[in-house]
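Report on one structure; see the data block that follows.
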Amino acid sequence: MIERPTDGDTTRAGGSGAWETWAPSAPASRIRAVLGVEPGERPLCPEFGWAAHAMGPLDSDAKRAVAAVLAEDALRRWVGDLAVDRIDVLESRASEFVLDVRCEGARFRLLIPRVSEPDAEAEPPTALEVREGVTKKGLRTDST
């Protein structure tokens, strides 16, 4: 295991005697790792991911706002040490989401690939389903 250096040095001798480099993972890659997964996609942790993948087309400001709240909630849960100030869902394309992210003093755009194609006839989750953490697949999106 590599410990985070406290004296500003970014290298440490590892257990094998080889020099290893410690670098915190970039916020964008950590955000992609969470938001690029639909709940239910990971069999050993079905609640992991971003529920917006199951919402169908995000064709209104209200739906994009709900998706943004779900993104912020997912990031708080799965990468709570990441200081995410705000996420806005700018677009929802057939193959990806376009997000505006404000995190740790930086602002950047992220493209998050869709896990599945949006179904124009699919009903978005109800407020109760979102609140109770149940997806359309019947999987809980929380750990209870």
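Identifiers in the structure tokens: chain A, B, ... in order shown; residue index from 1 per chain; ligand index from 1 in order shown.
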
Output as a tab-separated table one row per residue of segment 39-87 of chain A within 10 Å of segment 101-109 of chain A: the closest atom pair and its distance in Å to one decimal place, counting only C-alpha atoms, sorted by chain and residue number ascending.
residue	atom	partner	partner_atom	distance
A:Ala68	CA	A:Val101	CA	9.9
A:Glu72	CA	A:Val101	CA	9.9
A:Leu82	CA	A:Glu104	CA	7.4
A:Ala83	CA	A:Glu104	CA	5.3
A:Val84	CA	A:Cys103	CA	4.3
A:Asp85	CA	A:Arg102	CA	5.4
A:Arg86	CA	A:Arg102	CA	5.2
A:Ile87	CA	A:Val101	CA	4.7

Same residues, N, CA and C atoms, saved as a compact mmCIF listing (two decimals), in the first residue's frame:
# COMPACT_ATOMS: atom_id res chain seq x y z
N ALA A 68 -29.58 15.84 -12.43
CA ALA A 68 -28.45 16.51 -11.77
C ALA A 68 -28.45 16.22 -10.27
N GLU A 72 -25.51 14.30 -8.13
CA GLU A 72 -24.88 14.82 -6.92
C GLU A 72 -25.05 13.84 -5.76
N LEU A 82 -14.91 13.71 -2.42
CA LEU A 82 -14.77 14.61 -3.57
C LEU A 82 -15.68 15.81 -3.34
N ALA A 83 -15.15 17.00 -3.37
CA ALA A 83 -15.91 18.22 -3.09
C ALA A 83 -16.64 18.70 -4.34
N VAL A 84 -17.80 18.12 -4.61
CA VAL A 84 -18.61 18.51 -5.77
C VAL A 84 -19.52 19.65 -5.33
N ASP A 85 -19.38 20.80 -5.99
CA ASP A 85 -20.21 21.95 -5.65
C ASP A 85 -21.54 21.90 -6.38
N ARG A 86 -21.49 21.55 -7.67
CA ARG A 86 -22.72 21.55 -8.46
C ARG A 86 -22.51 20.76 -9.74
N ILE A 87 -23.60 20.13 -10.18
CA ILE A 87 -23.62 19.46 -11.48
C ILE A 87 -24.87 19.91 -12.21

Could you pull out all residues of segment 17-72 of chain A with a DSSP call of helix (DSSP H, G or I) and give them as JSON, numbers by chain? {"A": [27, 28, 29, 30, 31, 32, 33, 34, 35, 51, 52, 53, 54, 61, 62, 63, 64, 65, 66, 67, 68, 69, 70, 71, 72]}

Residue subset to file, keeping C-alpha atoms, as a PDB file, in the first residue's frame:
ATOM      1  CA  PRO A  27     -11.886  14.241 -10.146  1.00  0.00           C
ATOM      2  CA  ALA A  28     -13.157  13.702 -13.704  1.00  0.00           C
ATOM      3  CA  SER A  29     -12.160  10.034 -13.760  1.00  0.00           C
ATOM      4  CA  ARG A  30     -13.708   9.437 -10.338  1.00  0.00           C
ATOM      5  CA  ILE A  31     -16.942  11.111 -11.442  1.00  0.00           C
ATOM      6  CA  ARG A  32     -17.036   9.041 -14.656  1.00  0.00           C
ATOM      7  CA  ALA A  33     -16.488   5.847 -12.666  1.00  0.00           C
ATOM      8  CA  VAL A  34     -19.689   6.465 -10.700  1.00  0.00           C
ATOM      9  CA  LEU A  35     -21.947   8.213 -13.206  1.00  0.00           C
ATOM     10  CA  ALA A  51     -30.161   6.404 -11.741  1.00  0.00           C
ATOM     11  CA  ALA A  52     -30.522   8.887 -14.641  1.00  0.00           C
ATOM     12  CA  HIS A  53     -29.617   6.091 -17.070  1.00  0.00           C
ATOM     13  CA  ALA A  54     -33.072   4.620 -16.433  1.00  0.00           C
ATOM     14  CA  ASP A  61     -35.483  21.270 -17.784  1.00  0.00           C
ATOM     15  CA  ALA A  62     -37.271  19.503 -14.929  1.00  0.00           C
ATOM     16  CA  LYS A  63     -35.971  16.063 -15.961  1.00  0.00           C
ATOM     17  CA  ARG A  64     -32.437  17.399 -16.365  1.00  0.00           C
ATOM     18  CA  ALA A  65     -32.675  19.000 -12.901  1.00  0.00           C
ATOM     19  CA  VAL A  66     -33.761  15.668 -11.376  1.00  0.00           C
ATOM     20  CA  ALA A  67     -30.888  13.912 -13.156  1.00  0.00           C
ATOM     21  CA  ALA A  68     -28.448  16.506 -11.768  1.00  0.00           C
ATOM     22  CA  VAL A  69     -29.710  15.943  -8.220  1.00  0.00           C
ATOM     23  CA  LEU A  70     -29.385  12.178  -8.698  1.00  0.00           C
ATOM     24  CA  ALA A  71     -25.799  12.700  -9.936  1.00  0.00           C
ATOM     25  CA  GLU A  72     -24.880  14.820  -6.918  1.00  0.00           C
TER      26      GLU A  72
END

When distances are computed from only C-alpha atoms, which of A:Leu58, A:Pro113, A:Pro39, A:Leu75 shows the smallest separation from Leu90 of chain A?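 Ranked by minimum distance to Leu90 of chain A, first place goes to A:Leu58.
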
Would you give me, as a list in words, the residues in segment 9-97 of chain A that DSSP reads as strand (DSSP E or B)? Thr11, Arg12, Ala13, Trp19, Glu20, Thr21, Val84, Asp85, Arg86, Ile87, Asp88, Val89, Leu90, Glu91, Ser92, Glu96 and Phe97 of chain A

Please provide the set of residues having any atom within 7 Å of Leu110 of chain A, restricted to only C-alpha atoms, with same-chain residues fewer than 2 positions apart removed, written as a ChimeraX atom specification. /A:98-100,108,112

Nearest residue to Arg77 of chain A out of A:Glu96, A:Glu47, A:Glu91, A:Arg42, using only C-alpha atoms?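 Looking at the shortest contact to Arg77 of chain A, the residue is A:Glu47.
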